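Shown next: protein-v7.txt, given as compact mmCIF, C-alpha atoms.
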```
# COMPACT_ATOMS: atom_id res chain seq x y z
CA MET W 1 94.04 111.41 101.47
CA GLN W 2 92.50 110.63 98.09
CA VAL W 3 89.96 107.95 97.14
CA SER W 4 89.54 107.10 93.45
CA VAL W 5 87.03 104.89 91.63
CA LEU W 6 88.53 102.66 88.95
CA VAL W 7 86.85 102.56 85.52
CA THR W 8 88.01 99.72 83.25
CA PRO W 9 87.12 98.82 79.65
CA LEU W 10 84.98 95.74 79.07
CA ALA W 11 87.71 93.97 77.07
CA GLY W 12 90.39 94.77 79.67
CA GLY W 13 93.37 97.02 79.24
CA ALA W 14 94.33 100.47 80.47
CA ALA W 15 91.98 101.82 83.15
CA ARG W 16 91.19 105.23 84.58
CA ALA W 17 91.08 106.21 88.25
CA LEU W 18 88.52 108.98 88.84
CA PRO W 19 89.02 110.85 92.15
CA VAL W 20 85.81 110.95 94.18
CA CYS W 21 87.15 112.04 97.58
CA PHE W 22 90.03 114.30 98.56
CA GLU W 23 90.33 114.73 102.31
CA PHE W 24 92.55 117.36 103.90
CA ALA W 25 94.31 115.44 106.70
CA PRO W 26 96.99 117.56 108.43
CA PRO W 27 98.59 116.30 111.64
CA ALA W 28 97.25 117.42 114.99
CA VAL W 29 98.65 120.67 116.36
CA LYS W 30 100.62 120.09 119.53
CA PRO W 31 99.54 122.46 122.36
CA LYS W 32 102.06 124.70 124.04
CA SER W 33 101.78 122.91 127.37
CA VAL W 34 103.01 119.66 125.80
CA LYS W 35 105.89 121.46 124.06
CA ARG W 36 106.87 123.18 127.29
CA GLN W 37 106.79 119.91 129.20
CA GLN W 38 108.94 118.12 126.63
CA SER W 39 111.49 120.93 126.55
CA SER W 40 111.76 121.03 130.37
CA THR W 41 112.18 117.24 130.73
CA PRO W 42 115.92 116.50 131.19
CA ALA W 43 117.62 113.91 129.06
CA LYS W 44 117.86 110.44 130.50
CA ALA W 45 121.27 109.76 132.00
CA ALA W 46 123.06 106.48 131.62
CA PRO W 47 122.05 103.95 134.30
CA PRO W 48 124.72 103.63 137.02
CA GLU W 49 126.38 100.38 137.74
CA LYS W 50 124.46 98.15 140.12
CA ALA W 51 125.94 97.91 143.59
CA ALA W 52 125.25 95.44 146.33
CA PRO W 53 122.32 96.65 148.48
CA LYS W 54 123.06 97.54 152.08
CA LYS W 55 121.08 96.07 154.93
CA ASN W 56 119.91 99.37 156.44
CA GLN W 57 119.27 101.13 153.10
CA SER W 58 115.82 102.63 152.86
CA THR W 59 113.56 101.47 150.02
CA ALA W 60 111.64 104.74 149.84
CA SER W 61 114.05 106.22 147.31
CA ALA W 62 113.54 103.24 145.02
CA LYS W 63 109.90 104.00 144.46
CA ALA W 64 109.03 105.20 140.98
CA VAL W 65 108.13 108.83 140.54
CA ARG W 66 104.54 109.29 139.47
CA LYS W 67 103.85 111.06 136.22
CA PRO W 68 102.02 114.38 136.44
CA THR W 69 98.32 114.35 135.69
CA ALA W 70 97.49 115.12 132.08
CA THR W 71 95.87 118.47 131.43
CA PRO W 72 92.67 118.81 129.37
CA GLU W 73 94.73 120.19 126.49
CA GLU W 74 96.95 117.09 126.46
CA ILE W 75 93.92 114.76 126.56
CA ALA W 76 92.29 116.62 123.66
CA TYR W 77 95.57 116.53 121.73
CA LYS W 78 95.86 112.75 122.11
CA GLN W 79 92.28 112.23 120.94
CA GLU W 80 92.75 114.51 117.95
CA LYS W 81 96.02 112.76 117.10
CA LYS W 82 94.16 109.43 116.93
CA GLN W 83 91.42 110.83 114.72
CA ARG W 84 93.89 112.36 112.28
CA ARG W 85 95.93 109.22 111.73
CA LEU W 86 96.24 108.40 108.05
CA PRO W 87 94.72 104.89 108.42
CA GLN W 88 91.76 106.40 110.31
CA VAL W 89 91.18 109.01 107.61
CA GLY W 90 91.42 106.31 104.93
CA LEU W 91 88.93 104.10 106.79
CA ASN W 92 86.51 107.04 107.03
CA GLY W 93 86.75 107.49 103.26
CA ILE W 94 86.03 103.78 102.68
CA ILE W 95 82.99 103.91 104.97
CA ARG W 96 81.60 107.01 103.22
CA LEU W 97 82.06 105.37 99.82
CA ARG W 98 80.23 102.24 101.01
CA GLU W 99 77.39 104.37 102.40
CA SER W 100 77.08 106.24 99.11
CA LEU W 101 76.71 102.91 97.29
CA ASP W 102 74.06 101.73 99.76
CA GLU W 103 72.00 104.89 99.15
CA ARG W 104 71.49 103.88 95.49
CA PRO W 105 69.26 100.84 94.93
CA GLU W 106 71.08 99.81 91.74
CA LEU W 107 74.47 99.80 93.51
CA ARG W 108 73.44 98.44 96.91
CA GLN W 109 74.23 94.82 96.03
CA ARG W 110 77.63 95.55 94.51
CA LYS W 111 80.80 94.47 96.23
CA LEU W 112 83.40 97.12 96.93
CA VAL W 113 87.05 96.13 96.34
CA VAL W 114 89.62 98.49 97.88
CA ALA W 115 93.31 98.34 96.92
CA GLY W 116 95.74 100.22 99.18
CA ASP W 117 99.42 100.38 99.97
CA GLY W 118 101.18 99.10 103.04
CA SER W 119 100.43 102.16 105.19
CA TYR W 120 96.71 101.26 105.20
CA THR W 121 97.18 97.52 105.85
CA THR W 122 96.76 97.89 109.61
CA ARG W 123 94.59 96.46 112.35
CA LEU W 124 92.45 99.60 112.39
CA VAL W 125 91.51 99.35 108.71
CA LEU W 126 91.10 95.58 108.46
CA GLN W 127 88.90 95.28 111.54
CA GLY W 128 86.81 98.35 110.68
CA LEU W 129 85.83 97.50 107.09
CA PRO W 130 82.09 97.89 106.31
CA HIS W 131 79.93 95.12 104.90
CA ASP W 132 80.47 93.78 101.36
CA THR W 133 83.94 95.34 101.23
CA THR W 134 87.17 93.53 100.34
CA TYR W 135 90.58 95.02 101.05
CA ILE W 136 93.74 94.19 99.10
CA GLY W 137 97.06 95.56 100.33
CA ARG W 138 100.71 94.85 100.86
CA ILE W 139 101.89 92.94 103.91
CA ARG W 140 105.22 92.45 105.65
CA LYS W 141 107.36 89.61 104.39
CA ASP W 142 107.77 88.30 107.94
CA ALA W 143 104.09 88.52 108.94
CA LYS W 144 103.05 85.78 111.34
CA LEU W 145 100.19 83.73 109.87
CA HIS W 146 98.14 80.85 111.25
CA PHE W 147 96.08 78.02 109.82
CA PRO W 148 92.49 77.45 111.01
CA VAL W 149 91.97 75.56 114.24
CA GLU W 150 91.58 71.85 113.66
CA ALA W 151 88.42 70.33 115.08
CA SER W 152 89.07 67.84 117.86
CA GLY W 153 86.56 65.41 119.36
CA ARG W 154 88.16 65.15 122.78
CA LYS W 155 87.83 67.78 125.45
CA LYS W 156 90.89 69.76 126.45
CA ASN W 157 91.60 71.78 129.55
CA GLY W 158 91.95 75.54 129.45
CA ARG W 159 90.58 78.09 127.04
CA PRO W 160 89.83 77.02 123.45
CA ARG W 161 92.45 77.94 120.87
CA GLN W 162 91.60 80.76 118.50
CA TYR W 163 94.42 80.20 116.00
CA GLY W 164 95.76 76.97 114.56
CA GLN W 165 99.28 75.94 113.71
CA VAL W 166 101.76 78.56 112.53
CA ALA W 167 101.68 78.98 108.75
CA PRO W 168 104.71 79.91 106.65
CA THR W 169 105.47 83.61 106.33
CA PRO W 170 105.09 85.32 102.94
CA GLU W 171 108.86 85.22 102.45
CA GLN W 172 108.94 81.49 103.21
CA ILE W 173 106.18 80.95 100.65
CA TYR W 174 108.27 82.81 98.08
CA LEU W 175 111.39 80.74 98.82
CA ASP W 176 109.57 77.38 99.00
CA ASP W 177 110.39 75.48 95.80
CA SER W 178 107.79 72.80 96.53
CA LYS W 179 104.95 75.26 95.86
CA PRO W 180 104.50 75.75 92.11
CA TRP W 181 104.17 79.14 90.46
CA THR W 182 100.86 80.00 88.79
CA GLU W 183 100.78 82.14 85.65
CA VAL W 184 98.14 84.90 85.65
CA ARG W 185 97.45 87.14 82.64
CA CYS W 186 97.17 90.77 83.70
CA PHE W 187 97.44 94.21 82.13
CA VAL W 188 100.44 95.99 83.58
CA ALA W 189 102.99 98.51 82.27
CA GLY W 190 101.07 99.29 79.08
CA GLN W 191 100.39 95.76 77.83
CA PHE W 192 99.14 92.32 78.81
CA ARG W 193 101.77 90.27 80.61
CA MET W 194 102.02 86.97 82.45
CA ALA W 195 102.64 87.33 86.19
CA SER W 196 103.96 84.44 88.27
CA VAL W 197 102.22 84.17 91.63
CA LYS W 198 101.89 81.84 94.62
CA VAL W 199 98.80 81.75 96.84
CA LEU W 200 98.03 80.49 100.34
CA LYS W 201 94.29 80.51 101.07
CA THR W 202 92.31 80.55 104.32
CA VAL W 203 94.94 81.74 106.75
CA TYR W 204 94.57 84.09 109.69
CA TRP W 205 96.60 87.16 110.53
CA ARG W 206 96.45 88.47 114.08
CA ASN W 207 96.13 92.06 112.92
CA ALA W 208 93.03 91.14 110.94
CA GLY W 209 91.42 89.23 113.80
CA VAL W 210 90.25 85.72 114.47
CA ASP W 211 86.93 86.16 112.64
CA LEU W 212 88.41 87.36 109.33
CA PRO W 213 89.96 84.65 107.11
CA THR W 214 92.38 85.92 104.48
CA GLN W 215 94.49 84.73 101.60
CA VAL W 216 98.11 85.66 100.93
CA VAL W 217 99.45 86.12 97.40
CA VAL W 218 103.13 86.39 96.48
CA ILE W 219 104.00 87.99 93.13
CA LYS W 220 107.36 87.03 91.67
CA ALA W 221 109.83 89.83 91.10
CA ALA W 222 110.02 91.06 87.50
CA GLY W 223 113.32 90.87 85.66
CA TYR W 224 114.85 93.78 83.75
CA ARG W 225 118.10 94.77 82.02
CA LEU W 226 119.84 98.13 82.26
CA CYS W 227 120.96 97.82 78.65
CA LYS W 228 120.47 95.46 75.75
CA GLY W 229 122.41 92.29 76.43
CA GLY W 230 123.13 93.32 80.03
CA LYS W 231 122.80 91.24 83.16
CA LEU W 232 119.29 90.24 84.13
CA LEU W 233 118.37 92.00 87.37
CA TYR W 234 115.32 91.54 89.59
CA ARG W 235 113.16 93.81 91.67
CA HIS W 236 111.65 92.95 95.04
CA PRO W 237 108.66 90.58 95.16
CA ALA W 238 105.24 91.81 96.28
CA TYR W 239 103.43 90.24 99.21
CA LEU W 240 99.67 90.84 99.19
CA ILE W 241 96.84 90.03 101.56
CA SER W 242 93.13 89.92 100.74
CA THR W 243 90.25 89.82 103.20
CA ASP W 244 88.27 87.59 100.81
CA PRO W 245 89.74 84.05 100.81
CA ASP W 246 87.55 83.02 97.83
CA MET W 247 88.41 85.94 95.55
CA PRO W 248 89.55 84.82 92.06
CA LEU W 249 93.32 85.03 91.69
CA GLN W 250 93.27 86.94 88.40
CA MET W 251 90.89 89.56 89.78
CA LEU W 252 92.97 89.98 92.94
CA VAL W 253 96.27 90.51 91.15
CA GLN W 254 94.76 92.75 88.46
CA SER W 255 93.04 94.92 91.07
CA TYR W 256 96.35 95.52 92.80
CA PHE W 257 98.13 96.33 89.54
CA TYR W 258 95.41 98.88 88.76
CA ARG W 259 96.20 100.61 92.06
CA TRP W 260 99.11 102.34 90.31
CA GLU W 261 96.59 104.59 88.53
CA ILE W 262 96.18 106.65 91.69
CA GLU W 263 99.94 107.28 91.69
CA SER W 264 99.59 108.57 88.12
CA ASN W 265 96.82 110.85 89.37
CA HIS W 266 99.12 112.25 92.04
CA ARG W 267 101.79 112.97 89.44
CA ASP W 268 99.33 114.81 87.16
CA GLU W 269 97.81 116.77 90.04
CA LYS W 270 101.17 117.94 91.35
CA SER W 271 103.10 118.42 88.10
CA LEU W 272 100.45 119.79 85.70
CA LEU W 273 97.61 121.14 87.85
CA GLY W 274 99.71 122.59 90.68
CA VAL W 275 97.74 121.07 93.55
CA ALA W 276 98.93 122.42 96.94
CA GLU W 277 100.70 125.33 95.20
CA GLY W 278 97.87 127.87 95.37
CA HIS W 279 98.73 131.38 96.54
CA VAL W 280 96.03 131.68 99.19
CA ARG W 281 96.19 132.71 102.83
CA ASN W 282 92.76 132.09 104.29
CA PRO W 283 92.68 128.77 106.20
CA GLU W 284 89.43 127.74 104.52
CA ALA W 285 90.88 128.54 101.10
CA VAL W 286 93.97 126.48 101.88
CA ARG W 287 91.72 123.50 102.61
CA ARG W 288 89.23 123.96 99.76
CA LEU W 289 91.51 124.91 96.86
CA PRO W 290 93.15 121.45 96.48
CA GLN W 291 89.69 119.86 96.67
CA LEU W 292 88.46 122.14 93.87
CA GLN W 293 91.48 121.33 91.72
CA VAL W 294 91.08 117.56 92.22
CA ALA W 295 87.34 117.80 91.48
CA ALA W 296 88.07 119.65 88.22
CA TYR W 297 90.68 117.02 87.35
CA SER W 298 88.13 114.26 87.90
CA LEU W 299 85.60 116.02 85.66
CA VAL W 300 88.19 116.36 82.89
CA LEU W 301 88.94 112.62 83.04
CA LEU W 302 85.22 111.79 83.04
CA ALA W 303 84.59 114.06 80.03
CA SER W 304 87.44 112.34 78.16
CA LEU W 305 85.93 108.90 78.85
CA LEU W 306 82.46 109.97 77.71
CA SER W 307 83.68 111.66 74.52
CA SER W 308 86.45 109.37 73.21
CA GLY W 309 86.59 106.37 75.55
CA PHE W 310 89.91 104.95 76.67
CA THR W 311 91.89 105.70 73.46
CA ARG W 312 92.76 108.64 71.22
CA ASN W 313 90.45 107.47 68.42
CA GLY W 314 88.11 109.94 66.78
CA GLY W 315 90.57 112.61 65.65
CA GLU W 316 89.59 115.04 68.43
CA TYR W 317 92.98 115.32 70.08
CA LEU W 318 95.82 117.30 68.58
CA ARG W 319 98.28 115.39 66.44
CA LEU W 320 101.31 114.06 68.25
CA PRO W 321 104.84 114.99 67.17
CA LYS W 322 106.64 112.50 64.95
CA TRP W 323 109.22 111.60 67.56
CA ARG W 324 106.52 110.13 69.81
CA HIS W 325 106.00 106.52 68.80
CA LEU W 326 102.40 106.19 69.95
CA THR W 327 99.41 104.87 68.07
CA GLU W 328 95.86 106.11 68.12
CA GLN W 329 95.02 103.22 70.47
CA ALA W 330 97.16 104.79 73.20
CA ARG W 331 95.43 106.40 76.13
CA PRO W 332 95.30 110.21 76.07
CA SER W 333 97.29 111.93 78.76
CA LEU W 334 96.20 114.87 80.88
CA LEU W 335 98.38 117.17 78.78
CA ASP W 336 96.49 116.02 75.66
CA MET W 337 93.19 116.86 77.36
CA LEU W 338 94.41 120.31 78.44
CA ASN W 339 95.69 121.12 74.95
CA LEU W 340 92.37 120.04 73.43
CA MET W 341 90.45 122.13 75.94
CA ARG W 342 92.59 125.19 75.23
CA SER W 343 92.10 124.82 71.46
CA GLN W 344 88.33 124.52 71.89
CA ILE W 345 88.20 127.62 74.10
CA PHE W 346 90.28 129.61 71.61
CA ALA W 347 88.15 128.48 68.67
CA ARG W 348 84.97 129.62 70.40
CA ASP W 349 85.87 133.33 70.44
CA LEU W 350 88.66 133.65 67.90
CA LYS W 351 86.86 134.48 64.64
CA HIS W 352 89.78 135.84 62.65
CA PRO W 353 93.29 134.38 62.85
CA VAL W 354 96.03 136.62 64.16
CA THR W 355 98.61 137.07 61.41
CA GLY W 356 100.42 140.13 62.72
CA PHE W 357 100.21 143.27 64.82
CA GLU W 358 98.78 145.59 62.15
CA ASP W 359 95.48 145.88 64.00
CA PHE W 360 97.19 147.67 66.86
CA ILE W 361 98.36 150.50 64.54
CA LYS W 362 95.22 152.35 63.50
CA ASN W 363 94.12 155.94 63.23
CA LEU W 364 92.01 155.84 66.36
CA PRO W 365 91.46 158.60 68.89
CA ALA W 366 94.02 158.80 71.66
CA GLN W 367 91.55 157.82 74.36
CA MET W 368 90.58 154.56 72.63
CA LYS W 369 92.44 151.26 72.73
CA ALA W 370 92.92 148.85 69.87
CA SER W 371 90.64 145.80 69.78
CA LYS W 372 92.07 142.55 71.09
CA PRO W 373 91.60 139.27 69.23
CA LEU W 374 91.00 137.27 72.44
CA SER W 375 88.48 137.79 75.22
CA PRO W 376 89.67 138.23 78.83
CA GLY W 377 88.62 134.64 79.57
CA ASN W 378 90.75 133.31 76.74
CA LEU W 379 93.71 135.43 77.78
CA THR W 380 93.45 133.91 81.26
CA THR W 381 93.32 130.42 79.74
CA PHE W 382 96.35 131.18 77.58
CA ALA W 383 98.27 132.40 80.65
CA ALA W 384 97.37 129.19 82.50
```
Using structure tokens, write down the structure from this file.
Amino acid sequence: MQVSVLVTPLAGGAARALPVCFEFAPPAVKPKSVKRQQSSTPAKAAPPEKAAPKKNQSTASAKAVRKPTATPEEIAYKQEKKQRRLPQVGLNGIIRLRESLDERPELRQRKLVVAGDGSYTTRLVLQGLPHDTTYIGRIRKDAKLHFPVEASGRKKNGRPRQYGQVAPTPEQIYLDDSKPWTEVRCFVAGQFRMASVKVLKTVYWRNAGVDLPTQVVVIKAAGYRLCKGGKLLYRHPAYLISTDPDMPLQMLVQSYFYRWEIESNHRDEKSLLGVAEGHVRNPEAVRRLPQLQVAAYSLVLLASLLSSGFTRNGGEYLRLPKWRHLTEQARPSLLDMLNLMRSQIFARDLKHPVTGFEDFIKNLPAQMKASKPLSPGNLTTFAA
């Protein structure tokens, strides 16, 4: 589980997601007693056809068989399984991030906005959010929503209602032609675009609870063509929920679009840095090595922001090949940063350029080796 902090330019545009937390969250290990019990349990047979009961038939055989008492290992396994659920681990990361902001006086009053995917939009996360924290995530298209309870002057029998009338589902909001589309300007897919959205404010979702009003936003599916002049096709719409019913619409939609930066981080970490591919055997090393790699990746991104900002301006990065149609305003990639770092490390120790292998053929004593143009540290960097 990874938590990243989003850094955006003041004028808007491409943002950077800096990893600040990388939690190792493997599933709970099932004890042998549970495995043995599951393997010894016979498969359920098909229920026999119901026959007419006889008058003298005993009812003792109809009693249900009691389940065996759970062992301490099974109880501990169930508790550990709950603690290692992905939504629980994500909620723990959100709480730690909120606590770290509260420890700093200059950040204590800031509001934390968390954007997650559908796997974190659960009852556990929504009802366990800390103070001054807003969650934005995807929701089911058939989620059951409710309006607030209407105040009534007359007294009614029974318990008071907690939810009002049933509100339209997100899919019904999308298909309702009476609700107009609102155009919102957001930065997505490398440039500023207009996104068509519909919003339904101050509704309640049972998974979020009766004391947490929300707003639902529907983003219209984007159209695309497989080839120039081809048929216009559409993707699936996005259904979002926010725990802040008064959050500005542009900020809500843009925050969710920026969530894709963490997916770009995952691609760089797995493809270029080799996270989770370390050749280690110690259990502690298996847990700590990915954290070290992600921390180094975050420092590289932070150094790039401090040195050259969000673009390639300044002439520090290596020149791109001619077949790449990118301008200097484009954002540098991780490969650009690694190439720049390698060139700086080589230039620190390489005093004379290597033009051939004549230095290896010298009249030196047999027990001496020829001098190498690169230090051991640089050779390791070159091999990496």
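Restricting the calculation to only C-alpha atoms, the smallest distance between W:Gln344 and any of W:Leu318, W:Lys220, W:Trp323, W:Ala76 is found for W:Leu318.
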**Message:** As an exercise, work out the distance from atom CA of W:Arg288 to atom CA of W:Val275 in Å and give it to one decimal place.
**Reply:**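 Taking atom CA of W:Arg288 as the start and atom CA of W:Val275 as the end point, the length is 10.9 Å.
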**Request:** Between W:Arg104, W:Arg98, W:Arg319, W:Lys231, single out the one closest to W:His131, counting only C-alpha atoms.
**Result:** W:Arg98
May I have a table of the residues of stretch 152-195 of chain W lying at most 12 Å from stretch 245-269 of chain W, giving each one's closest pair of atoms and their distance in Å to one decimal, counting only C-alpha atoms, ordered by chain and ascending residue number, as a Markdown table?
```
| residue | atom | partner | partner_atom | distance |
| --- | --- | --- | --- | --- |
| W:Thr182 | CA | W:Leu249 | CA | 9.5 |
| W:Glu183 | CA | W:Gln250 | CA | 9.3 |
| W:Val184 | CA | W:Gln250 | CA | 6.0 |
| W:Arg185 | CA | W:Gln250 | CA | 7.1 |
| W:Cys186 | CA | W:Gln254 | CA | 5.7 |
| W:Phe187 | CA | W:Gln254 | CA | 7.0 |
| W:Val188 | CA | W:Phe257 | CA | 6.4 |
| W:Ala189 | CA | W:Phe257 | CA | 9.0 |
| W:Gly190 | CA | W:Tyr258 | CA | 11.2 |
| W:Gln191 | CA | W:Phe257 | CA | 11.9 |
| W:Phe192 | CA | W:Gln254 | CA | 10.6 |
| W:Arg193 | CA | W:Gln254 | CA | 10.8 |
| W:Met194 | CA | W:Gln250 | CA | 10.6 |
| W:Ala195 | CA | W:Val253 | CA | 8.7 |
```
Using all atoms listed in the file, find each residue in stretch 224-259 of chain W having at least one atom no more than 8 Å away from stretch 137-145 of chain W; report its shortest atom-to-atom pair and that distance in Å (one decimal), rows by chain then rising number, as CSV.
```
residue,atom,partner,partner_atom,distance
W:Ala238,CA,W:Arg138,CA,7.1
W:Tyr239,CA,W:Arg138,CA,5.6
W:Leu240,CA,W:Arg138,CA,4.5
W:Ile241,CA,W:Gly137,CA,5.7
W:Ser242,CA,W:Gly137,CA,6.9
W:Tyr256,CA,W:Gly137,CA,7.6
```
**Asked** W:Phe346, W:Glu150, W:Lys81, W:Arg16: which is nearest W:Ser333, counting all atoms listed in the file?
**Response**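 Smallest separation from W:Ser333 among the options: W:Arg16.
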**Prompt:** Which is closest to W:Gln79 among W:Leu340, W:Val29, W:Leu112, W:Gly128, if we use all atoms listed in the file?
**Reply:**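 Residue with the minimum atom-to-atom distance to W:Gln79: W:Val29.
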**Asked** Restricting the calculation to all atoms listed in the file, which member of W:Gly209, W:Pro105, W:Pro180, W:Gly118 is positioned closest to W:Tyr163?
**Response**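 Using all atoms listed in the file, W:Tyr163 sits closest to W:Gly209.
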**Distance of atom CA of W:Arg324 from atom CA of W:Val300, expressed in Å to one decimal place** =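 Spanning atom CA of W:Val300 to atom CA of W:Arg324 is a straight-line distance of 23.4 Å.
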